[in-house]
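Data file: coords26.txt. Format and content: compact mmCIF, N, CA and C atoms.
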```txt
# COMPACT_ATOMS: atom_id res chain seq x y z
N MET F 190 10.94 24.41 12.74
CA MET F 190 9.58 24.50 13.23
C MET F 190 9.65 24.74 14.74
N ASP F 191 9.06 25.83 15.17
CA ASP F 191 9.08 26.16 16.58
C ASP F 191 7.67 26.05 17.18
N ALA F 192 7.55 26.42 18.44
CA ALA F 192 6.27 26.29 19.15
C ALA F 192 5.18 27.14 18.50
N MET F 193 5.53 28.32 17.99
CA MET F 193 4.53 29.18 17.35
C MET F 193 4.02 28.55 16.05
N ASP F 194 4.93 27.97 15.27
CA ASP F 194 4.50 27.27 14.05
C ASP F 194 3.54 26.14 14.40
N ARG F 195 3.84 25.42 15.47
CA ARG F 195 2.97 24.32 15.89
C ARG F 195 1.59 24.82 16.33
N LYS F 196 1.55 25.97 16.99
CA LYS F 196 0.27 26.55 17.38
C LYS F 196 -0.54 26.94 16.13
N ILE F 197 0.14 27.53 15.17
CA ILE F 197 -0.52 27.92 13.92
C ILE F 197 -1.08 26.69 13.22
N LEU F 198 -0.28 25.64 13.12
CA LEU F 198 -0.74 24.40 12.48
C LEU F 198 -1.93 23.81 13.22
N ALA F 199 -1.89 23.82 14.55
CA ALA F 199 -3.00 23.26 15.34
C ALA F 199 -4.28 24.04 15.06
N GLU F 200 -4.20 25.34 15.02
CA GLU F 200 -5.40 26.15 14.76
C GLU F 200 -5.93 25.92 13.34
N LEU F 201 -5.03 25.88 12.37
CA LEU F 201 -5.48 25.68 10.99
C LEU F 201 -6.04 24.29 10.76
N GLN F 202 -5.57 23.29 11.51
CA GLN F 202 -6.15 21.96 11.39
C GLN F 202 -7.58 21.93 11.94
N GLN F 203 -7.84 22.74 12.94
CA GLN F 203 -9.19 22.82 13.50
C GLN F 203 -10.12 23.60 12.58
N ASP F 204 -9.60 24.66 11.95
CA ASP F 204 -10.41 25.50 11.08
C ASP F 204 -9.53 26.13 10.01
N GLY F 205 -9.47 25.52 8.86
CA GLY F 205 -8.64 25.99 7.76
C GLY F 205 -9.16 27.24 7.09
N ARG F 206 -10.34 27.70 7.49
CA ARG F 206 -10.92 28.90 6.88
C ARG F 206 -10.68 30.16 7.70
N LEU F 207 -9.88 30.05 8.75
CA LEU F 207 -9.58 31.23 9.55
C LEU F 207 -8.91 32.29 8.68
N THR F 208 -9.27 33.54 8.90
CA THR F 208 -8.54 34.62 8.25
C THR F 208 -7.21 34.76 8.99
N VAL F 209 -6.25 35.40 8.36
CA VAL F 209 -4.96 35.63 9.01
C VAL F 209 -5.16 36.44 10.29
N THR F 210 -6.08 37.38 10.26
CA THR F 210 -6.36 38.20 11.44
C THR F 210 -6.89 37.35 12.59
N GLU F 211 -7.84 36.46 12.28
CA GLU F 211 -8.39 35.57 13.31
C GLU F 211 -7.31 34.62 13.84
N LEU F 212 -6.52 34.08 12.93
CA LEU F 212 -5.45 33.17 13.31
C LEU F 212 -4.44 33.87 14.20
N ALA F 213 -4.03 35.06 13.81
CA ALA F 213 -3.06 35.83 14.60
C ALA F 213 -3.58 36.06 16.02
N ALA F 214 -4.86 36.39 16.14
CA ALA F 214 -5.44 36.62 17.47
C ALA F 214 -5.43 35.33 18.30
N ARG F 215 -5.73 34.22 17.68
CA ARG F 215 -5.77 32.94 18.41
C ARG F 215 -4.38 32.51 18.90
N VAL F 216 -3.36 32.80 18.12
CA VAL F 216 -2.01 32.37 18.52
C VAL F 216 -1.23 33.50 19.19
N GLN F 217 -1.90 34.63 19.36
CA GLN F 217 -1.32 35.79 20.04
C GLN F 217 -0.05 36.29 19.35
N LEU F 218 -0.24 36.61 18.08
CA LEU F 218 0.84 37.11 17.25
C LEU F 218 0.25 38.23 16.40
N SER F 219 1.06 39.20 16.02
CA SER F 219 0.53 40.25 15.14
C SER F 219 0.32 39.67 13.74
N VAL F 220 -0.47 40.37 12.95
CA VAL F 220 -0.91 39.85 11.65
C VAL F 220 0.25 39.59 10.69
N SER F 221 1.14 40.54 10.52
CA SER F 221 2.22 40.38 9.53
C SER F 221 3.12 39.17 9.81
N PRO F 222 3.63 39.02 11.05
CA PRO F 222 4.45 37.83 11.31
C PRO F 222 3.66 36.53 11.18
N CYS F 223 2.39 36.57 11.54
CA CYS F 223 1.55 35.37 11.41
C CYS F 223 1.40 35.01 9.94
N HIS F 224 1.12 35.99 9.11
CA HIS F 224 0.97 35.75 7.68
C HIS F 224 2.26 35.21 7.08
N ARG F 225 3.38 35.78 7.48
CA ARG F 225 4.69 35.32 6.99
C ARG F 225 4.93 33.86 7.39
N ARG F 226 4.60 33.52 8.62
CA ARG F 226 4.79 32.14 9.08
C ARG F 226 3.90 31.17 8.31
N VAL F 227 2.65 31.55 8.05
CA VAL F 227 1.75 30.68 7.29
C VAL F 227 2.31 30.47 5.88
N ARG F 228 2.76 31.54 5.24
CA ARG F 228 3.37 31.41 3.89
C ARG F 228 4.59 30.49 3.93
N ASP F 229 5.42 30.64 4.96
CA ASP F 229 6.60 29.78 5.08
C ASP F 229 6.20 28.32 5.29
N LEU F 230 5.16 28.09 6.08
CA LEU F 230 4.69 26.72 6.31
C LEU F 230 4.13 26.12 5.02
N GLU F 231 3.47 26.93 4.21
CA GLU F 231 2.97 26.47 2.92
C GLU F 231 4.12 26.16 1.98
N ARG F 232 5.09 27.04 1.90
CA ARG F 232 6.24 26.85 1.00
C ARG F 232 7.07 25.62 1.37
N SER F 233 7.20 25.38 2.68
CA SER F 233 8.01 24.25 3.13
C SER F 233 7.30 22.91 2.93
N GLY F 234 6.00 22.96 2.68
CA GLY F 234 5.24 21.72 2.51
C GLY F 234 4.62 21.23 3.80
N ALA F 235 4.85 21.92 4.93
CA ALA F 235 4.21 21.52 6.18
C ALA F 235 2.69 21.64 6.04
N ILE F 236 2.25 22.68 5.36
CA ILE F 236 0.83 22.81 5.00
C ILE F 236 0.74 22.41 3.53
N ARG F 237 0.07 21.30 3.27
CA ARG F 237 -0.01 20.79 1.90
C ARG F 237 -1.20 21.31 1.14
N GLY F 238 -2.18 21.89 1.82
CA GLY F 238 -3.34 22.41 1.12
C GLY F 238 -4.47 22.66 2.09
N TYR F 239 -5.58 23.12 1.56
CA TYR F 239 -6.78 23.40 2.33
C TYR F 239 -7.95 22.72 1.62
N ARG F 240 -8.88 22.18 2.38
CA ARG F 240 -10.01 21.52 1.75
C ARG F 240 -11.19 21.46 2.71
N ALA F 241 -12.35 21.19 2.16
CA ALA F 241 -13.54 20.99 2.97
C ALA F 241 -13.61 19.52 3.36
N VAL F 242 -14.02 19.24 4.57
CA VAL F 242 -14.25 17.87 5.02
C VAL F 242 -15.74 17.59 4.81
N VAL F 243 -16.04 16.69 3.89
CA VAL F 243 -17.42 16.42 3.48
C VAL F 243 -17.92 15.16 4.18
N ASP F 244 -19.14 15.22 4.68
CA ASP F 244 -19.78 14.06 5.29
C ASP F 244 -20.18 13.10 4.17
N PRO F 245 -19.61 11.89 4.12
CA PRO F 245 -19.93 10.95 3.03
C PRO F 245 -21.44 10.69 2.91
N ALA F 246 -22.13 10.58 4.02
CA ALA F 246 -23.57 10.30 3.97
C ALA F 246 -24.33 11.43 3.28
N ALA F 247 -23.85 12.65 3.39
CA ALA F 247 -24.52 13.80 2.78
C ALA F 247 -24.50 13.72 1.25
N ILE F 248 -23.56 12.96 0.71
CA ILE F 248 -23.49 12.82 -0.75
C ILE F 248 -23.81 11.38 -1.19
N GLY F 249 -24.50 10.66 -0.30
CA GLY F 249 -24.99 9.33 -0.66
C GLY F 249 -24.02 8.19 -0.51
N LEU F 250 -22.88 8.42 0.14
CA LEU F 250 -21.92 7.34 0.36
C LEU F 250 -22.09 6.83 1.79
N ASN F 251 -23.08 5.97 1.97
CA ASN F 251 -23.47 5.51 3.30
C ASN F 251 -22.80 4.21 3.73
N PHE F 252 -21.99 3.64 2.86
CA PHE F 252 -21.41 2.32 3.12
C PHE F 252 -19.90 2.43 3.02
N GLU F 253 -19.21 1.92 4.01
CA GLU F 253 -17.75 1.98 3.99
C GLU F 253 -17.18 0.62 4.34
N ALA F 254 -16.13 0.25 3.63
CA ALA F 254 -15.46 -1.03 3.88
C ALA F 254 -13.96 -0.81 3.88
N LEU F 255 -13.27 -1.65 4.63
CA LEU F 255 -11.82 -1.72 4.60
C LEU F 255 -11.47 -2.97 3.82
N VAL F 256 -10.67 -2.81 2.80
CA VAL F 256 -10.30 -3.93 1.93
C VAL F 256 -8.80 -4.15 2.07
N PHE F 257 -8.43 -5.37 2.38
CA PHE F 257 -7.03 -5.75 2.53
C PHE F 257 -6.63 -6.49 1.26
N ALA F 258 -5.56 -6.04 0.62
CA ALA F 258 -5.11 -6.65 -0.63
C ALA F 258 -3.73 -7.27 -0.44
N THR F 259 -3.61 -8.50 -0.89
CA THR F 259 -2.32 -9.19 -0.92
C THR F 259 -1.98 -9.41 -2.38
N LEU F 260 -0.77 -9.01 -2.77
CA LEU F 260 -0.35 -9.17 -4.16
C LEU F 260 0.31 -10.53 -4.37
N ARG F 261 0.21 -11.02 -5.62
CA ARG F 261 0.84 -12.29 -5.97
C ARG F 261 2.35 -12.19 -5.89
N TRP F 262 2.87 -11.11 -6.42
CA TRP F 262 4.32 -10.95 -6.51
C TRP F 262 4.62 -9.48 -6.37
N GLN F 263 5.57 -9.15 -5.54
CA GLN F 263 5.84 -7.74 -5.29
C GLN F 263 7.02 -7.21 -6.08
N ALA F 264 7.11 -7.61 -7.33
CA ALA F 264 8.13 -7.04 -8.21
C ALA F 264 7.81 -5.55 -8.39
N PRO F 265 8.81 -4.73 -8.61
CA PRO F 265 8.57 -3.29 -8.76
C PRO F 265 7.47 -2.94 -9.77
N ASP F 266 7.44 -3.66 -10.90
CA ASP F 266 6.41 -3.39 -11.90
C ASP F 266 5.02 -3.70 -11.36
N THR F 267 4.88 -4.82 -10.66
CA THR F 267 3.59 -5.21 -10.10
C THR F 267 3.10 -4.18 -9.10
N VAL F 268 3.97 -3.74 -8.21
CA VAL F 268 3.61 -2.75 -7.21
C VAL F 268 3.19 -1.45 -7.88
N ALA F 269 3.97 -0.99 -8.85
CA ALA F 269 3.66 0.26 -9.54
C ALA F 269 2.33 0.17 -10.29
N GLU F 270 2.12 -0.95 -10.97
CA GLU F 270 0.86 -1.13 -11.72
C GLU F 270 -0.34 -1.17 -10.77
N PHE F 271 -0.19 -1.89 -9.66
CA PHE F 271 -1.28 -1.96 -8.68
C PHE F 271 -1.58 -0.57 -8.13
N GLU F 272 -0.55 0.15 -7.71
CA GLU F 272 -0.76 1.46 -7.11
C GLU F 272 -1.36 2.45 -8.09
N GLU F 273 -0.94 2.41 -9.34
CA GLU F 273 -1.51 3.29 -10.35
C GLU F 273 -2.98 2.95 -10.59
N ALA F 274 -3.29 1.67 -10.67
CA ALA F 274 -4.67 1.25 -10.92
C ALA F 274 -5.58 1.58 -9.74
N VAL F 275 -5.10 1.36 -8.52
CA VAL F 275 -5.93 1.63 -7.35
C VAL F 275 -6.16 3.13 -7.19
N ALA F 276 -5.19 3.94 -7.56
CA ALA F 276 -5.33 5.39 -7.49
C ALA F 276 -6.40 5.89 -8.47
N ALA F 277 -6.69 5.11 -9.50
CA ALA F 277 -7.67 5.51 -10.51
C ALA F 277 -9.10 5.10 -10.14
N VAL F 278 -9.28 4.40 -9.03
CA VAL F 278 -10.63 3.98 -8.61
C VAL F 278 -11.19 5.06 -7.69
N PRO F 279 -12.18 5.82 -8.15
CA PRO F 279 -12.68 6.97 -7.38
C PRO F 279 -13.23 6.63 -5.99
N HIS F 280 -13.78 5.44 -5.82
CA HIS F 280 -14.38 5.08 -4.53
C HIS F 280 -13.34 4.65 -3.49
N VAL F 281 -12.08 4.55 -3.89
CA VAL F 281 -11.02 4.27 -2.92
C VAL F 281 -10.63 5.61 -2.30
N MET F 282 -11.00 5.79 -1.04
CA MET F 282 -10.78 7.06 -0.35
C MET F 282 -9.36 7.16 0.20
N GLN F 283 -8.79 6.02 0.54
CA GLN F 283 -7.42 5.95 1.06
C GLN F 283 -6.82 4.63 0.65
N ALA F 284 -5.54 4.62 0.41
CA ALA F 284 -4.81 3.39 0.11
C ALA F 284 -3.47 3.48 0.81
N GLU F 285 -3.18 2.50 1.61
CA GLU F 285 -1.93 2.46 2.39
C GLU F 285 -1.17 1.20 2.05
N ARG F 286 0.13 1.33 1.76
CA ARG F 286 0.98 0.17 1.59
C ARG F 286 1.50 -0.22 2.97
N LEU F 287 1.44 -1.49 3.29
CA LEU F 287 1.78 -1.99 4.62
C LEU F 287 3.02 -2.87 4.59
N PHE F 288 3.66 -2.99 5.73
CA PHE F 288 4.72 -3.99 5.89
C PHE F 288 4.05 -5.32 6.23
N GLY F 289 4.61 -6.42 5.74
CA GLY F 289 4.03 -7.73 6.04
C GLY F 289 2.78 -7.97 5.23
N GLU F 290 1.95 -8.87 5.75
CA GLU F 290 0.70 -9.18 5.07
C GLU F 290 -0.46 -8.64 5.87
N PRO F 291 -1.45 -8.12 5.21
CA PRO F 291 -1.59 -7.93 3.78
C PRO F 291 -0.66 -6.82 3.28
N ASP F 292 -0.61 -6.66 1.98
CA ASP F 292 0.28 -5.67 1.39
C ASP F 292 -0.32 -4.26 1.40
N TYR F 293 -1.65 -4.17 1.28
CA TYR F 293 -2.32 -2.87 1.19
C TYR F 293 -3.60 -2.87 2.01
N LEU F 294 -3.93 -1.69 2.48
CA LEU F 294 -5.22 -1.43 3.12
C LEU F 294 -5.90 -0.34 2.32
N LEU F 295 -7.11 -0.62 1.85
CA LEU F 295 -7.89 0.34 1.07
C LEU F 295 -9.14 0.71 1.86
N ARG F 296 -9.43 1.98 1.95
CA ARG F 296 -10.68 2.44 2.55
C ARG F 296 -11.59 2.83 1.40
N VAL F 297 -12.74 2.16 1.32
CA VAL F 297 -13.64 2.30 0.18
C VAL F 297 -14.99 2.80 0.65
N ALA F 298 -15.56 3.77 -0.06
CA ALA F 298 -16.89 4.28 0.26
C ALA F 298 -17.79 4.12 -0.96
N THR F 299 -18.98 3.55 -0.72
CA THR F 299 -19.98 3.38 -1.77
C THR F 299 -21.36 3.73 -1.20
N ALA F 300 -22.36 3.69 -2.06
CA ALA F 300 -23.72 4.02 -1.63
C ALA F 300 -24.30 2.96 -0.71
N ASP F 301 -24.03 1.69 -1.02
CA ASP F 301 -24.64 0.59 -0.25
C ASP F 301 -23.88 -0.71 -0.53
N LEU F 302 -24.35 -1.79 0.08
CA LEU F 302 -23.70 -3.09 -0.07
C LEU F 302 -23.69 -3.54 -1.53
N GLU F 303 -24.78 -3.33 -2.23
CA GLU F 303 -24.84 -3.73 -3.64
C GLU F 303 -23.80 -2.99 -4.47
N ALA F 304 -23.65 -1.69 -4.25
CA ALA F 304 -22.65 -0.91 -4.97
C ALA F 304 -21.24 -1.37 -4.61
N PHE F 305 -21.03 -1.72 -3.34
CA PHE F 305 -19.72 -2.24 -2.93
C PHE F 305 -19.42 -3.56 -3.63
N GLN F 306 -20.41 -4.45 -3.68
CA GLN F 306 -20.21 -5.74 -4.33
C GLN F 306 -19.85 -5.55 -5.80
N GLN F 307 -20.53 -4.64 -6.45
CA GLN F 307 -20.25 -4.36 -7.85
C GLN F 307 -18.83 -3.81 -8.03
N LEU F 308 -18.44 -2.86 -7.17
CA LEU F 308 -17.09 -2.30 -7.21
C LEU F 308 -16.05 -3.40 -6.95
N TYR F 309 -16.31 -4.23 -5.97
CA TYR F 309 -15.41 -5.31 -5.60
C TYR F 309 -15.20 -6.26 -6.78
N ASP F 310 -16.32 -6.71 -7.37
CA ASP F 310 -16.24 -7.69 -8.46
C ASP F 310 -15.67 -7.12 -9.75
N GLN F 311 -16.06 -5.89 -10.08
CA GLN F 311 -15.70 -5.34 -11.39
C GLN F 311 -14.39 -4.56 -11.41
N GLN F 312 -13.96 -4.04 -10.24
CA GLN F 312 -12.75 -3.24 -10.25
C GLN F 312 -11.68 -3.75 -9.29
N LEU F 313 -12.04 -3.91 -8.03
CA LEU F 313 -11.02 -4.26 -7.03
C LEU F 313 -10.42 -5.64 -7.29
N ALA F 314 -11.25 -6.62 -7.58
CA ALA F 314 -10.75 -7.98 -7.81
C ALA F 314 -9.92 -8.07 -9.08
N ARG F 315 -10.05 -7.09 -9.95
CA ARG F 315 -9.33 -7.10 -11.23
C ARG F 315 -8.08 -6.21 -11.21
N LEU F 316 -7.75 -5.67 -10.06
CA LEU F 316 -6.55 -4.83 -9.98
C LEU F 316 -5.31 -5.68 -10.30
N PRO F 317 -4.32 -5.11 -10.95
CA PRO F 317 -3.13 -5.88 -11.34
C PRO F 317 -2.42 -6.48 -10.14
N GLY F 318 -2.05 -7.75 -10.28
CA GLY F 318 -1.22 -8.41 -9.27
C GLY F 318 -1.95 -8.90 -8.03
N VAL F 319 -3.26 -8.75 -7.96
CA VAL F 319 -3.98 -9.15 -6.75
C VAL F 319 -4.06 -10.66 -6.64
N GLN F 320 -3.60 -11.16 -5.51
CA GLN F 320 -3.72 -12.59 -5.20
C GLN F 320 -4.97 -12.82 -4.36
N ARG F 321 -5.17 -11.94 -3.36
CA ARG F 321 -6.28 -12.14 -2.44
C ARG F 321 -6.79 -10.80 -1.92
N LEU F 322 -8.09 -10.69 -1.83
CA LEU F 322 -8.73 -9.55 -1.19
C LEU F 322 -9.58 -10.05 -0.04
N THR F 323 -9.51 -9.37 1.06
CA THR F 323 -10.43 -9.63 2.17
C THR F 323 -10.97 -8.28 2.61
N SER F 324 -12.18 -8.28 3.10
CA SER F 324 -12.76 -7.00 3.48
C SER F 324 -13.55 -7.13 4.76
N THR F 325 -13.70 -6.00 5.40
CA THR F 325 -14.52 -5.91 6.59
C THR F 325 -15.29 -4.60 6.51
N LEU F 326 -16.46 -4.59 7.10
CA LEU F 326 -17.32 -3.42 7.02
C LEU F 326 -17.06 -2.49 8.19
N VAL F 327 -17.11 -1.20 7.92
CA VAL F 327 -16.95 -0.21 8.98
C VAL F 327 -18.31 -0.02 9.64
N MET F 328 -18.36 -0.30 10.94
CA MET F 328 -19.61 -0.15 11.68
C MET F 328 -19.78 1.28 12.18
N LYS F 329 -18.67 1.88 12.64
CA LYS F 329 -18.74 3.19 13.26
C LYS F 329 -17.35 3.82 13.25
N HIS F 330 -17.30 5.12 13.03
CA HIS F 330 -16.04 5.85 13.13
C HIS F 330 -15.90 6.32 14.58
N VAL F 331 -14.86 5.89 15.24
CA VAL F 331 -14.62 6.30 16.62
C VAL F 331 -13.72 7.53 16.63
N VAL F 332 -12.66 7.51 15.84
CA VAL F 332 -11.77 8.65 15.66
C VAL F 332 -11.63 8.83 14.15
N ASN F 333 -11.91 10.05 13.66
CA ASN F 333 -11.85 10.28 12.23
C ASN F 333 -11.41 11.72 11.98
N ASN F 334 -10.49 11.89 11.05
CA ASN F 334 -10.00 13.23 10.68
C ASN F 334 -9.46 14.01 11.87
N ARG F 335 -8.81 13.34 12.78
CA ARG F 335 -8.21 14.00 13.93
C ARG F 335 -7.02 14.83 13.49
N PRO F 336 -6.90 16.06 13.99
CA PRO F 336 -5.69 16.83 13.68
C PRO F 336 -4.44 16.13 14.22
N LEU F 337 -3.32 16.37 13.56
CA LEU F 337 -2.06 15.80 14.02
C LEU F 337 -1.70 16.41 15.37
N PRO F 338 -1.08 15.65 16.25
CA PRO F 338 -0.71 16.21 17.56
C PRO F 338 0.41 17.25 17.41
N GLU F 339 0.45 18.16 18.35
CA GLU F 339 1.48 19.21 18.33
C GLU F 339 2.84 18.65 18.65
```
As structure tokens, what does this structure read like?
Amino acid sequence: MDAMDRKILAELQQDGRLTVTELAARVQLSVSPCHRRVRDLERSGAIRGYRAVVDPAAIGLNFEALVFATLRWQAPDTVAEFEEAVAAVPHVMQAERLFGEPDYLLRVATADLEAFQQLYDQQLARLPGVQRLTSTLVMKHVVNNRPLPE
């Protein structure tokens, strides 16, 4: 990965809908080499995909919480079962395994507090291996969906 690849990645993180021609102009490269570099970045896995960034409020998800999960026992089966089950909960937008306690951080989006309570009681609290859940409400996003640094 060289400086030109990093420029290409920076531009695509800002606007993934750029045409190859627009991208080439922004990074000051001719179209063919730019296209070849983008294909190489896709093949190598540096670019994992393209997607639209949707405003949660626009689709009725006005409530967000961070849920910290501590497991009873971290045997390989428990961890795998928990991770598989949490991945199946559509309102979990992100799930991170952490070092130390708690074991996991889940970012959850719902319509409102009542919907969150229902999700918490009916799904999150019943996840395999959960010893304790604690949560905090997101008041405001200060930094969100920031592109990776060059």
Looking only at the backbone, which of the residues in segment 245-312 of chain F does DSSP tag as strand (DSSP E or B), as an MDAnalysis selection string?
-> chainID F and resid 252:260 281:286 293:299
DSSP helix (DSSP H, G or I) residues within chain F, as an NGL selection string | :F and (192-203 or 209-216 or 220-233 or 245-248 or 265-276 or 302-311 or 313-315)
Need the neighbours of (-15.6, -11.3, 9.2): which residues are at most 12 Å away, counting only C-alpha atoms, as a PDB file with N, CA and C atoms, in the frame of the given file?
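Resulting contents of result-v7.pdb:
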```
ATOM      1  N   ALA F 254     -16.130   0.250   3.630  1.00  0.00           N
ATOM      2  CA  ALA F 254     -15.460  -1.030   3.880  1.00  0.00           C
ATOM      3  C   ALA F 254     -13.960  -0.810   3.880  1.00  0.00           C
ATOM      4  N   LEU F 255     -13.270  -1.650   4.630  1.00  0.00           N
ATOM      5  CA  LEU F 255     -11.820  -1.720   4.600  1.00  0.00           C
ATOM      6  C   LEU F 255     -11.470  -2.970   3.820  1.00  0.00           C
ATOM      7  N   VAL F 256     -10.670  -2.810   2.800  1.00  0.00           N
ATOM      8  CA  VAL F 256     -10.300  -3.930   1.930  1.00  0.00           C
ATOM      9  C   VAL F 256      -8.800  -4.150   2.070  1.00  0.00           C
ATOM     10  N   THR F 323      -9.510  -9.370   1.060  1.00  0.00           N
ATOM     11  CA  THR F 323     -10.430  -9.630   2.170  1.00  0.00           C
ATOM     12  C   THR F 323     -10.970  -8.280   2.610  1.00  0.00           C
ATOM     13  N   SER F 324     -12.180  -8.280   3.100  1.00  0.00           N
ATOM     14  CA  SER F 324     -12.760  -7.000   3.480  1.00  0.00           C
ATOM     15  C   SER F 324     -13.550  -7.130   4.760  1.00  0.00           C
ATOM     16  N   THR F 325     -13.700  -6.000   5.400  1.00  0.00           N
ATOM     17  CA  THR F 325     -14.520  -5.910   6.590  1.00  0.00           C
ATOM     18  C   THR F 325     -15.290  -4.600   6.510  1.00  0.00           C
ATOM     19  N   LEU F 326     -16.460  -4.590   7.100  1.00  0.00           N
ATOM     20  CA  LEU F 326     -17.320  -3.420   7.020  1.00  0.00           C
ATOM     21  C   LEU F 326     -17.060  -2.490   8.190  1.00  0.00           C
ATOM     22  N   VAL F 327     -17.110  -1.200   7.920  1.00  0.00           N
ATOM     23  CA  VAL F 327     -16.950  -0.210   8.980  1.00  0.00           C
ATOM     24  C   VAL F 327     -18.310  -0.020   9.640  1.00  0.00           C
TER      25      VAL F 327
END
```
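Reported to one decimal place, the separation of atom CA of Asp204 of chain F from atom N of Ala246 of chain F is 20.2 Å.
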Taking (-4.0, -0.6, 2.7) in the file's coordinates, which residues come within 8 Å, counting only N, CA and C atoms, written as a list of chain:residue names?
-> F:Leu255, F:Val256, F:Phe257, F:Ala258, F:Gln283, F:Ala284, F:Glu285, F:Arg286, F:Leu287, F:Pro291, F:Asp292, F:Tyr293, F:Leu294, F:Leu295, F:Arg296
Quick one: residues within 5 Å of Val297 of chain F, all atoms listed in the file counted, chain neighbours fewer than 5 positions away excluded, as a VMD selection string?
-> chain F and resid 253 to 254 280 to 282
One-decimal distance in Å that lies between atom C of Ala276 of chain F and atom CA of Asn251 of chain F |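 Between atom CA of Asn251 of chain F and atom C of Ala276 of chain F the gap works out to 20.7 Å.
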Since the input has fewer atoms than a full residue there, write segment 285-291 of chain F out with all heavy atoms, as an mmCIF file, in the frame of the given file.
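Below is the file that was written, selection.cif:
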```cif
data_model
loop_
_atom_site.group_PDB
_atom_site.id
_atom_site.type_symbol
_atom_site.label_atom_id
_atom_site.label_comp_id
_atom_site.auth_asym_id
_atom_site.auth_seq_id
_atom_site.Cartn_x
_atom_site.Cartn_y
_atom_site.Cartn_z
ATOM 1 N N GLU F 285 -3.180 2.500 1.610
ATOM 2 C CA GLU F 285 -1.930 2.460 2.390
ATOM 3 C C GLU F 285 -1.170 1.200 2.050
ATOM 4 O O GLU F 285 -1.732 0.105 2.067
ATOM 5 C CB GLU F 285 -2.227 2.450 3.902
ATOM 6 C CG GLU F 285 -3.272 3.430 4.374
ATOM 7 C CD GLU F 285 -2.824 4.870 4.334
ATOM 8 O OE1 GLU F 285 -1.602 5.106 4.285
ATOM 9 O OE2 GLU F 285 -3.689 5.743 4.352
ATOM 10 N N ARG F 286 0.130 1.330 1.760
ATOM 11 C CA ARG F 286 0.980 0.170 1.590
ATOM 12 C C ARG F 286 1.500 -0.220 2.970
ATOM 13 O O ARG F 286 1.981 0.630 3.729
ATOM 14 C CB ARG F 286 2.148 0.472 0.647
ATOM 15 C CG ARG F 286 2.954 -0.766 0.333
ATOM 16 C CD ARG F 286 3.937 -0.531 -0.774
ATOM 17 N NE ARG F 286 4.692 -1.757 -1.013
ATOM 18 C CZ ARG F 286 5.811 -1.800 -1.690
ATOM 19 N NH1 ARG F 286 6.294 -0.708 -2.220
ATOM 20 N NH2 ARG F 286 6.443 -2.941 -1.862
ATOM 21 N N LEU F 287 1.440 -1.490 3.290
ATOM 22 C CA LEU F 287 1.780 -1.990 4.620
ATOM 23 C C LEU F 287 3.020 -2.870 4.590
ATOM 24 O O LEU F 287 3.354 -3.445 3.553
ATOM 25 C CB LEU F 287 0.602 -2.802 5.182
ATOM 26 C CG LEU F 287 -0.782 -2.129 5.134
ATOM 27 C CD1 LEU F 287 -1.850 -3.127 5.578
ATOM 28 C CD2 LEU F 287 -0.812 -0.879 5.976
ATOM 29 N N PHE F 288 3.660 -2.990 5.730
ATOM 30 C CA PHE F 288 4.720 -3.990 5.890
ATOM 31 C C PHE F 288 4.050 -5.320 6.230
ATOM 32 O O PHE F 288 3.061 -5.357 6.953
ATOM 33 C CB PHE F 288 5.671 -3.612 7.027
ATOM 34 C CG PHE F 288 6.729 -2.626 6.620
ATOM 35 C CD1 PHE F 288 6.653 -1.315 7.032
ATOM 36 C CD2 PHE F 288 7.793 -3.019 5.819
ATOM 37 C CE1 PHE F 288 7.618 -0.402 6.658
ATOM 38 C CE2 PHE F 288 8.760 -2.116 5.439
ATOM 39 C CZ PHE F 288 8.681 -0.800 5.862
ATOM 40 N N GLY F 289 4.610 -6.420 5.740
ATOM 41 C CA GLY F 289 4.030 -7.730 6.040
ATOM 42 C C GLY F 289 2.780 -7.970 5.230
ATOM 43 O O GLY F 289 2.566 -7.388 4.184
ATOM 44 N N GLU F 290 1.950 -8.870 5.750
ATOM 45 C CA GLU F 290 0.700 -9.180 5.070
ATOM 46 C C GLU F 290 -0.460 -8.640 5.870
ATOM 47 O O GLU F 290 -0.442 -8.722 7.093
ATOM 48 C CB GLU F 290 0.543 -10.688 4.907
ATOM 49 C CG GLU F 290 1.338 -11.215 3.726
ATOM 50 C CD GLU F 290 0.904 -12.612 3.344
ATOM 51 O OE1 GLU F 290 -0.314 -12.868 3.324
ATOM 52 O OE2 GLU F 290 1.781 -13.431 3.074
ATOM 53 N N PRO F 291 -1.450 -8.120 5.210
ATOM 54 C CA PRO F 291 -1.590 -7.930 3.780
ATOM 55 C C PRO F 291 -0.660 -6.820 3.280
ATOM 56 O O PRO F 291 -0.070 -6.107 4.081
ATOM 57 C CB PRO F 291 -3.054 -7.551 3.610
ATOM 58 C CG PRO F 291 -3.401 -6.880 4.895
ATOM 59 C CD PRO F 291 -2.580 -7.559 5.951
#
```
